[in-house]
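Q: As input, take data.tsv (TSV, C-alpha atoms):
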chain	number	residue	atom	x	y	z
A	1	MET	CA	53.54	-37.26	309.67
A	2	ASP	CA	54.80	-39.62	306.94
A	3	LEU	CA	58.19	-41.29	307.07
A	4	ILE	CA	59.86	-38.94	304.57
A	5	GLU	CA	58.85	-35.88	306.57
A	6	GLU	CA	59.95	-37.55	309.78
A	7	ILE	CA	63.38	-38.36	308.37
A	8	ALA	CA	63.78	-34.76	307.18
A	9	ARG	CA	62.87	-33.48	310.65
A	10	TYR	CA	65.24	-35.87	312.43
A	11	ARG	CA	68.12	-34.87	310.21
A	12	GLN	CA	67.86	-31.38	311.67
A	13	LEU	CA	68.55	-32.69	315.16
A	14	SER	CA	72.03	-32.74	316.67
A	15	SER	CA	73.91	-35.97	317.36
A	16	GLU	CA	73.38	-35.55	321.09
A	17	GLU	CA	69.62	-35.04	320.65
A	18	LEU	CA	69.38	-38.18	318.51
A	19	LYS	CA	71.47	-40.19	320.97
A	20	ALA	CA	69.16	-39.06	323.79
A	21	LYS	CA	66.11	-40.27	321.85
A	22	ILE	CA	67.74	-43.63	321.16
A	23	ARG	CA	68.82	-44.12	324.77
A	24	ALA	CA	65.32	-43.20	325.98
A	25	VAL	CA	63.70	-45.90	323.83
A	26	LYS	CA	66.33	-48.40	324.93
A	27	THR	CA	65.56	-47.64	328.55
A	28	ARG	CA	61.79	-47.96	328.08
A	29	LEU	CA	61.96	-51.22	326.11
A	30	GLY	CA	64.68	-52.74	328.23
A	31	GLU	CA	65.38	-56.41	327.50
A	32	LYS	CA	62.71	-56.45	324.79
A	33	LEU	CA	65.13	-54.61	322.50
A	34	VAL	CA	68.56	-55.65	321.21
A	35	ILE	CA	70.66	-53.43	318.93
A	36	LEU	CA	73.40	-55.15	316.95
A	37	GLY	CA	76.27	-53.09	315.54
A	38	HIS	CA	78.62	-54.45	312.88
A	39	HIS	CA	82.31	-53.64	313.22
A	40	TYR	CA	82.19	-51.56	310.03
A	41	GLN	CA	79.60	-49.14	311.42
A	42	ARG	CA	80.48	-45.58	312.37
A	43	ASP	CA	81.52	-45.03	315.99
A	44	ASP	CA	78.30	-43.41	317.22
A	45	ILE	CA	76.28	-46.45	316.09
A	46	VAL	CA	78.72	-48.90	317.69
A	47	GLU	CA	78.55	-46.84	320.89
A	48	LEU	CA	74.79	-47.38	321.14
A	49	SER	CA	74.81	-51.06	320.18
A	50	ASP	CA	74.26	-53.78	322.76
A	51	PHE	CA	76.56	-56.16	320.89
A	52	ARG	CA	79.35	-55.61	318.38
A	53	GLY	CA	80.69	-58.21	315.97
A	54	ASP	CA	80.81	-59.55	312.45
A	55	SER	CA	77.63	-60.50	310.61
A	56	PHE	CA	77.10	-64.09	311.64
A	57	LYS	CA	78.33	-63.67	315.21
A	58	LEU	CA	75.71	-60.96	315.68
A	59	SER	CA	72.92	-63.06	314.14
A	60	LYS	CA	73.80	-65.94	316.45
A	61	ILE	CA	73.88	-63.62	319.46
A	62	ALA	CA	70.45	-62.29	318.50
A	63	SER	CA	68.96	-65.78	318.38
A	64	GLU	CA	70.25	-66.40	321.90
A	65	GLN	CA	68.44	-63.39	323.40
A	66	GLU	CA	65.48	-65.18	324.97
A	67	LYS	CA	63.76	-62.03	326.25
A	68	ALA	CA	64.33	-59.92	323.13
A	69	GLU	CA	61.24	-59.22	321.02
A	70	TYR	CA	62.85	-56.66	318.71
A	71	ILE	CA	66.24	-57.02	317.02
A	72	VAL	CA	67.64	-53.99	315.21
A	73	PHE	CA	70.57	-54.89	312.97
A	74	CYS	CA	72.90	-52.00	312.18
A	75	GLY	CA	74.62	-53.49	309.17
A	76	VAL	CA	73.68	-54.35	305.59
A	77	HIS	CA	70.58	-56.18	304.42
A	78	PHE	CA	71.91	-59.75	304.10
A	79	MET	CA	73.02	-59.55	307.74
A	80	ALA	CA	69.54	-58.60	308.91
A	81	GLU	CA	68.18	-61.44	306.77
A	82	SER	CA	70.46	-63.92	308.55
A	83	ALA	CA	69.20	-62.62	311.88
A	84	ALA	CA	65.60	-63.06	310.70
A	85	ILE	CA	66.36	-66.60	309.52
A	86	LEU	CA	67.82	-67.56	312.90
A	87	ALA	CA	65.40	-65.53	315.01
A	88	ARG	CA	63.24	-67.25	317.61
A	89	GLU	CA	59.49	-67.54	317.19
A	90	GLY	CA	57.87	-64.15	317.73
A	91	GLN	CA	61.05	-62.09	317.36
A	92	LYS	CA	60.99	-59.27	314.83
A	93	VAL	CA	64.08	-58.04	312.99
A	94	PHE	CA	64.61	-54.53	311.65
A	95	ILE	CA	67.26	-52.60	309.73
A	96	PRO	CA	67.43	-48.79	310.04
A	97	ASP	CA	67.81	-48.30	306.28
A	98	THR	CA	66.59	-50.93	303.81
A	99	ARG	CA	68.80	-49.38	301.11
A	100	ALA	CA	71.90	-50.63	302.92
A	101	GLY	CA	72.68	-53.47	300.56
A	102	CYS	CA	75.78	-55.36	299.48
A	103	PRO	CA	77.06	-55.15	295.88
A	104	MET	CA	78.86	-58.48	296.22
A	105	ALA	CA	75.74	-60.25	297.44
A	106	ASP	CA	73.91	-58.82	294.43
A	107	MET	CA	76.47	-60.33	292.05
A	108	ALA	CA	74.82	-63.73	292.38
A	109	ASP	CA	71.04	-63.97	292.12
A	110	ILE	CA	69.01	-67.12	292.46
A	111	SER	CA	68.05	-67.42	288.78
A	112	ASP	CA	71.70	-67.26	287.67
A	113	VAL	CA	72.82	-69.73	290.33
A	114	GLU	CA	70.07	-72.21	289.48
A	115	GLN	CA	70.91	-71.94	285.78
A	116	ALA	CA	74.60	-72.51	286.58
A	117	TRP	CA	73.68	-75.56	288.67
A	118	GLU	CA	71.73	-77.01	285.73
A	119	GLN	CA	74.62	-76.39	283.34
A	120	ILE	CA	77.16	-77.92	285.71
A	121	ALA	CA	74.88	-80.95	286.04
A	122	LYS	CA	75.08	-81.48	282.27
A	123	ALA	CA	78.88	-81.57	282.42
A	124	THR	CA	79.48	-83.65	285.56
A	125	ASP	CA	77.75	-85.75	288.21
A	126	ILE	CA	75.91	-83.12	290.24
A	127	LYS	CA	75.57	-85.53	293.19
A	128	LYS	CA	79.30	-85.12	293.69
A	129	VAL	CA	79.08	-81.31	293.87
A	130	VAL	CA	78.36	-79.41	297.11
A	131	PRO	CA	77.12	-75.80	296.95
A	132	ILE	CA	78.54	-73.50	299.64
A	133	ALA	CA	77.27	-69.94	299.99
A	134	TYR	CA	79.26	-67.28	301.79
A	135	VAL	CA	76.98	-65.73	304.42
A	136	ASN	CA	77.44	-62.46	302.52
A	137	SER	CA	74.63	-63.56	300.20
A	138	ASP	CA	70.90	-63.30	299.69
A	139	ALA	CA	68.55	-65.55	301.68
A	140	GLU	CA	67.48	-67.31	298.49
A	141	LEU	CA	71.05	-68.44	297.87
A	142	LYS	CA	71.31	-69.78	301.39
A	143	ALA	CA	68.03	-71.61	300.78
A	144	PHE	CA	69.43	-73.03	297.53
A	145	CYS	CA	72.27	-74.57	299.53
A	146	GLY	CA	69.86	-75.82	302.16
A	147	ARG	CA	67.77	-77.82	299.68
A	148	ASN	CA	70.79	-79.11	297.72
A	149	ASN	CA	72.68	-80.65	300.66
A	150	GLY	CA	75.02	-77.66	300.92
A	151	ALA	CA	75.86	-75.15	303.61
A	152	CYS	CA	76.88	-71.59	304.33
A	153	CYS	CA	80.25	-70.41	305.61
A	154	THR	CA	81.86	-67.31	307.03
A	155	SER	CA	85.31	-65.97	306.25
A	156	SER	CA	86.51	-67.52	309.51
A	157	ASN	CA	85.22	-71.06	308.98
A	158	ALA	CA	85.35	-71.48	305.19
A	159	ASP	CA	88.26	-73.93	305.57
A	160	LYS	CA	86.20	-76.22	307.81
A	161	LEU	CA	83.16	-76.13	305.52
A	162	PHE	CA	85.30	-76.94	302.47
A	163	LYS	CA	86.79	-79.89	304.36
A	164	TRP	CA	83.31	-81.02	305.36
A	165	ALA	CA	82.16	-80.91	301.73
A	166	PHE	CA	85.20	-82.82	300.48
A	167	SER	CA	84.60	-85.53	303.09
A	168	PHE	CA	81.73	-86.87	300.96
A	169	ALA	CA	81.92	-85.09	297.59
A	170	GLU	CA	84.42	-84.32	294.84
A	171	LYS	CA	83.68	-80.68	294.09
A	172	VAL	CA	82.63	-77.44	295.77
A	173	PHE	CA	80.53	-74.83	293.99
A	174	PHE	CA	81.28	-71.63	295.90
A	175	PHE	CA	79.55	-68.26	295.60
A	176	PRO	CA	79.40	-65.28	295.49
A	177	ASP	CA	82.99	-64.25	296.39
A	178	GLU	CA	85.75	-65.54	294.14
A	179	HIS	CA	88.58	-64.34	296.37
A	180	LEU	CA	87.45	-65.96	299.62
A	181	GLY	CA	87.02	-69.21	297.70
A	182	ARG	CA	90.42	-68.88	296.02
A	183	ASN	CA	92.25	-68.04	299.26
A	184	THR	CA	90.49	-70.84	301.14
A	185	SER	CA	91.47	-73.31	298.41
A	186	ARG	CA	95.07	-72.11	298.61
A	187	ARG	CA	95.19	-72.76	302.36
A	188	LEU	CA	93.87	-76.27	301.78
A	189	GLY	CA	96.55	-77.05	299.22
A	190	ILE	CA	94.26	-76.93	296.19
A	191	SER	CA	96.21	-75.76	293.17
A	192	GLU	CA	95.24	-73.02	290.73
A	193	GLN	CA	94.84	-75.70	288.06
A	194	GLU	CA	92.06	-77.26	290.14
A	195	LEU	CA	90.09	-73.99	290.32
A	196	LEU	CA	87.58	-72.78	287.76
A	197	LEU	CA	86.13	-69.27	287.63
A	198	TYR	CA	82.47	-69.50	286.59
A	199	GLN	CA	81.26	-66.47	284.63
A	200	PRO	CA	77.44	-66.57	284.74
A	201	GLU	CA	76.93	-64.36	281.69
A	202	LEU	CA	78.61	-67.01	279.50
A	203	ASN	CA	77.40	-70.45	278.47
A	204	LEU	CA	78.67	-73.05	280.96
A	205	GLY	CA	80.38	-70.17	282.75
A	206	GLY	CA	82.81	-69.72	279.87
A	207	ALA	CA	84.27	-73.20	280.39
A	208	GLU	CA	84.43	-76.45	278.48
A	209	PRO	CA	82.71	-79.54	279.96
A	210	SER	CA	86.16	-81.11	280.47
A	211	GLN	CA	87.21	-78.12	282.62
A	212	ILE	CA	84.13	-78.53	284.80
A	213	GLN	CA	84.97	-82.22	285.18
A	214	LYS	CA	88.58	-81.52	286.21
A	215	ALA	CA	87.82	-78.64	288.59
A	216	LYS	CA	87.84	-79.28	292.32
A	217	VAL	CA	86.42	-75.87	293.22
A	218	ILE	CA	84.10	-73.87	290.96
A	219	LEU	CA	84.25	-70.19	291.93
A	220	TRP	CA	81.60	-67.59	291.18
A	221	ASN	CA	82.80	-64.42	289.48
A	222	GLY	CA	81.95	-62.03	292.35
A	223	TYR	CA	83.93	-59.79	294.67
A	224	CYS	CA	83.80	-57.28	297.54
A	225	HIS	CA	84.69	-53.79	296.31
A	226	VAL	CA	85.96	-52.87	299.80
A	227	HIS	CA	88.60	-55.60	299.82
A	228	THR	CA	89.54	-55.71	296.14
A	229	PHE	CA	90.51	-52.06	296.63
A	230	PHE	CA	93.80	-53.26	298.15
A	231	LYS	CA	96.62	-53.75	295.64
A	232	THR	CA	100.11	-55.25	295.69
A	233	GLU	CA	101.60	-51.76	295.43
A	234	ASP	CA	99.88	-50.89	298.74
A	235	VAL	CA	101.79	-53.73	300.40
A	236	VAL	CA	105.07	-52.67	298.80
A	237	LYS	CA	104.52	-49.10	300.01
A	238	ALA	CA	103.67	-50.25	303.55
A	239	ARG	CA	106.80	-52.44	303.70
A	240	LYS	CA	108.95	-49.42	302.81
A	241	GLU	CA	107.19	-47.08	305.25
A	242	PHE	CA	106.98	-49.57	308.13
A	243	PRO	CA	109.78	-52.14	307.65
A	244	SER	CA	109.09	-53.98	310.93
A	245	ALA	CA	105.30	-53.96	310.65
A	246	LYS	CA	103.02	-56.95	310.45
A	247	ILE	CA	100.44	-56.74	307.68
A	248	ILE	CA	97.09	-58.51	307.85
A	249	VAL	CA	94.25	-58.44	305.32
A	250	HIS	CA	90.77	-59.91	305.01
A	251	PRO	CA	90.49	-63.12	302.90
A	252	GLU	CA	88.15	-61.34	300.48
A	253	THR	CA	91.32	-59.61	299.25
A	254	PRO	CA	92.81	-60.84	295.92
A	255	ARG	CA	95.25	-63.72	296.15
A	256	GLU	CA	98.24	-61.78	294.80
A	257	VAL	CA	97.93	-59.38	297.75
A	258	VAL	CA	97.37	-62.18	300.28
A	259	GLU	CA	100.60	-63.85	299.13
A	260	LEU	CA	102.60	-60.74	300.12
A	261	VAL	CA	101.23	-60.17	303.65
A	262	ASP	CA	101.92	-61.79	307.02
A	263	ALA	CA	98.40	-62.97	307.82
A	264	THR	CA	94.78	-63.06	306.71
A	265	GLY	CA	91.68	-63.24	308.84
A	266	SER	CA	88.01	-62.49	309.21
A	267	THR	CA	86.92	-59.29	310.91
A	268	GLU	CA	86.97	-60.96	314.33
A	269	GLN	CA	90.31	-62.64	313.58
A	270	ILE	CA	91.86	-59.33	312.53
A	271	ILE	CA	90.84	-57.77	315.83
A	272	LYS	CA	92.32	-60.68	317.81
A	273	TYR	CA	95.49	-60.58	315.72
A	274	VAL	CA	96.05	-56.90	316.47
A	275	GLU	CA	95.33	-57.34	320.17
A	276	SER	CA	97.73	-60.31	320.41
A	277	GLN	CA	100.80	-58.49	319.07
A	278	PRO	CA	103.62	-57.55	321.50
A	279	GLN	CA	103.55	-54.10	323.03
A	280	GLY	CA	104.95	-51.44	320.70
A	281	SER	CA	104.15	-53.37	317.53
A	282	THR	CA	103.14	-51.73	314.28
A	283	ILE	CA	100.29	-53.44	312.44
A	284	VAL	CA	99.03	-52.47	309.00
A	285	VAL	CA	95.46	-53.63	308.40
A	286	GLY	CA	93.69	-54.13	305.09
A	287	THR	CA	89.96	-53.99	305.71
A	288	GLU	CA	87.11	-51.48	306.01
A	289	ILE	CA	88.44	-48.14	307.26
A	290	HIS	CA	85.96	-47.63	310.11
A	291	LEU	CA	87.21	-50.78	311.83
A	292	VAL	CA	90.87	-49.87	311.23
A	293	GLU	CA	90.42	-46.40	312.67
A	294	ARG	CA	88.58	-47.79	315.69
A	295	LEU	CA	91.40	-50.29	316.30
A	296	ALA	CA	93.94	-47.47	316.03
A	297	LYS	CA	92.09	-45.52	318.75
A	298	GLN	CA	91.66	-48.51	321.01
A	299	GLU	CA	95.28	-49.61	320.72
A	300	LYS	CA	96.80	-46.12	321.00
A	301	GLY	CA	99.67	-46.18	323.48
A	302	ARG	CA	100.09	-49.93	323.08
A	303	HIS	CA	100.27	-50.55	319.33
A	304	ASN	CA	100.51	-48.45	316.20
A	305	VAL	CA	97.74	-49.44	313.78
A	306	TYR	CA	97.60	-48.07	310.23
A	307	PRO	CA	95.33	-48.77	307.24
A	308	LEU	CA	96.85	-50.50	304.23
A	309	ALA	CA	94.68	-48.09	302.21
A	310	ARG	CA	91.52	-46.16	302.94
A	311	SER	CA	88.66	-48.37	301.76
A	312	ALA	CA	85.14	-47.68	302.99
A	313	CYS	CA	81.79	-49.44	302.68
A	314	PRO	CA	79.24	-46.76	301.69
A	315	ASN	CA	76.32	-49.10	302.37
A	316	MET	CA	77.35	-49.56	306.00
A	317	TYR	CA	77.49	-45.77	306.21
A	318	LYS	CA	73.79	-45.52	305.28
A	319	ILE	CA	72.95	-46.46	308.86
A	320	ASN	CA	72.95	-43.31	310.96
A	321	LEU	CA	71.58	-41.88	314.21
A	322	ALA	CA	68.53	-40.40	312.49
A	323	ASN	CA	67.24	-43.56	310.86
A	324	LEU	CA	68.12	-45.63	313.93
A	325	ALA	CA	66.13	-43.25	316.17
A	326	ILE	CA	63.12	-43.34	313.83
A	327	THR	CA	63.19	-47.13	313.62
A	328	LEU	CA	63.29	-47.48	317.40
A	329	GLU	CA	60.50	-44.99	317.99
A	330	ARG	CA	58.29	-46.66	315.37
A	331	ILE	CA	58.92	-50.04	317.02
A	332	GLU	CA	57.77	-48.60	320.32
A	333	GLN	CA	54.67	-46.89	318.93
A	334	ALA	CA	52.57	-49.71	317.47
A	335	GLU	CA	52.77	-52.94	315.51
A	336	LYS	CA	50.78	-51.44	312.65
A	337	ASN	CA	53.43	-48.75	312.34
A	338	TRP	CA	56.47	-50.99	311.76
A	339	VAL	CA	59.14	-49.62	309.45
A	340	ASN	CA	62.04	-51.46	307.87
A	341	GLN	CA	61.09	-54.88	309.22
A	342	VAL	CA	63.03	-57.71	307.57
A	343	ILE	CA	60.88	-60.74	306.78
A	344	VAL	CA	62.15	-63.91	305.10
A	345	PRO	CA	59.16	-65.90	303.80
A	346	GLU	CA	58.72	-69.67	303.84
A	347	PRO	CA	60.00	-72.00	302.51
A	348	ILE	CA	63.09	-69.81	301.94
A	349	ARG	CA	63.51	-69.23	305.66
A	350	SER	CA	63.48	-72.90	306.70
A	351	GLN	CA	65.73	-73.97	303.81
A	352	ALA	CA	68.21	-71.16	304.51
A	353	ARG	CA	68.12	-72.00	308.20
A	354	GLU	CA	69.14	-75.57	307.34
A	355	ALA	CA	72.20	-74.30	305.46
A	356	LEU	CA	73.15	-72.03	308.37
A	357	GLN	CA	72.64	-74.82	310.89
A	358	ARG	CA	74.96	-77.09	308.90
A	359	MET	CA	77.52	-74.33	309.10
A	360	LEU	CA	77.13	-74.20	312.87
A	361	LYS	CA	77.39	-77.96	313.13
A	362	TYR	CA	80.40	-78.52	310.89
A	363	GLY	CA	82.15	-75.15	311.07
Let me see the structure of the file written as structure tokens.
A:
Amino acid sequence: MDLIEEIARYRQLSSEELKAKIRAVKTRLGEKLVILGHHYQRDDIVELSDFRGDSFKLSKIASEQEKAEYIVFCGVHFMAESAAILAREGQKVFIPDTRAGCPMADMADISDVEQAWEQIAKATDIKKVVPIAYVNSDAELKAFCGRNNGACCTSSNADKLFKWAFSFAEKVFFFPDEHLGRNTSRRLGISEQELLLYQPELNLGGAEPSQIQKAKVILWNGYCHVHTFFKTEDVVKARKEFPSAKIIVHPETPREVVELVDATGSTEQIIKYVESQPQGSTIVVGTEIHLVERLAKQEKGRHNVYPLARSACPNMYKINLANLAITLERIEQAEKNWVNQVIVPEPIRSQAREALQRMLKYG
């Protein structure tokens, strides 16, 4: 039976039948198998995951599983790539659906970034510029940072990586998310006048050489559609509906929204923020709806948790019980029958690993 026929057959099974298949493989493989579930996954996937977290936390956890031979990442493709980059020798990484991509990560490809780097070098001393790639990026971009004395960052440690870069350089070239870079700069006291939005479709990013020379942070023109969904009017509405509520959003949210809320934080930081509020608090959360709804269930009776607006990641939703069950059963069957394995070739893997290791060291 080919994969397409198998997927069609599995889609006819009930959720409980699929869960039983998944649990059976987990039992047979034991410590050889680790399933990672991102916070934005649907509840039934999170339920069957061995670990839950944000993208880099899960990749780091995977690399620490000494007995694990198979890592199945229930998230989007760049996350599975990070796990493959950090994986131990002999470990194999899989994703249940290879179509689960990230539009923001796709907004910066290696050819555009390399061309931008060359153009920036014509306008200023490139030795004084440090490239920093958000982990929500392709492996080739991480590798670019690795071989150009740069690093990666997460939404929780971007401040530290910016400070590290400025300890020996004058400028940061940050990609692919404009808003994380802008909000991080704001927290570090960098003014709007010191920021430059680089538009890759234009010559020199649409800037003059003098603007490149004056800029302290050069931001790539990319964004996360999940978090740019939140608008200032959503905050105004929430303030009227819940006058005593605390509002927290992810730092991928536009700056004008961030300026109106009580706090910003990464996925993990949002969870900790909600859990740390006094009993009976009302918290309005601006991030992916699956996480917000899960927090609302978990905190029921202790806190009231509401979404700032309903924003979903359709790529995360591509991971389901059917393709997870098929992936696990194919892993168990035979090496020649692998499906959806994520492989990062050399030298990209070693260069990207260097950028991620700098992040671990300085972040």
Q: My list of candidates is A:Lys246, A:Glu288, A:Ile61, A:Leu36. Which is closest to Pro96 in chain A when distances are computed with only C-alpha atoms?
A: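 Closest residue, counting only C-alpha atoms: A:Leu36.
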Q: Can you list, as a ChimeraX atom specification, every protein, DNA or RNA residue that comes within 12 Å of Arg42 in chain A when you count only C-alpha atoms, leaving out same-chain residues fewer than 3 positions away?
A: /A:37-39,45-49,52,74-75,288-294,312-321
Q: Using only C-alpha atoms, can you tell me which of A:Ile71, A:Val249, A:Leu202, A:Met104 comes closest to Ile283 in chain A?
A: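 Smallest distance to Ile283 in chain A is found for A:Val249.
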Q: For Glu89 in chain A, please output as a list in words all residues within 10 Å (counting only C-alpha atoms; exclusion window: fewer than 4 positions along the same chain).
A: Ser63, Glu69 and Ala84 of chain A
Q: Restricting it to C-alpha atoms, dump the selection as an mmCIF file, in the frame of the given file.
A:
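This went into result.cif:
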data_model
loop_
_atom_site.group_PDB
_atom_site.id
_atom_site.type_symbol
_atom_site.label_atom_id
_atom_site.label_comp_id
_atom_site.auth_asym_id
_atom_site.auth_seq_id
_atom_site.Cartn_x
_atom_site.Cartn_y
_atom_site.Cartn_z
ATOM 1 C CA SER A 63 68.960 -65.780 318.380
ATOM 2 C CA GLU A 69 61.240 -59.220 321.020
ATOM 3 C CA ALA A 84 65.600 -63.060 310.700
#
Q: I want to know what sits within 10 Å of Phe162 in chain A, based on all atoms listed in the file, with residues of the same chain fewer than 3 positions away left out; could you give that as number ranges by chain?
A: A: 130-132, 151, 153, 157-159, 165-167, 171-174, 181, 184-185, 188, 217, 362-363
Q: Would you list the contacts of Glu6 in chain A as number ranges by chain, taking every protein, DNA or RNA residue within 10 Å and counting all atoms listed in the file, but skipping same-chain residues closer than 6 positions in sequence?
A: A: 322-323, 326
Q: So which one's closest to Lys57 in chain A, A:Met79, A:Val257, A:Arg302, A:Gly101? Using only C-alpha atoms, please.
A: A:Met79
Q: Taking only residues of range 138-203 of chain A that have an atom at most 12 Å from an atom of range 224-229 of chain A, what is each one's shortest atom pair and its distance in Å to one decimal, using only C-alpha atoms, in chain and number order, as a tab-separated table?
A:
residue	atom	partner	partner_atom	distance
A:Phe175	CA	A:Cys224	CA	11.9
A:Pro176	CA	A:Cys224	CA	9.4
A:Asp177	CA	A:Cys224	CA	7.1
A:Glu178	CA	A:Cys224	CA	9.1
A:His179	CA	A:Cys224	CA	8.6
A:Leu180	CA	A:Cys224	CA	9.6
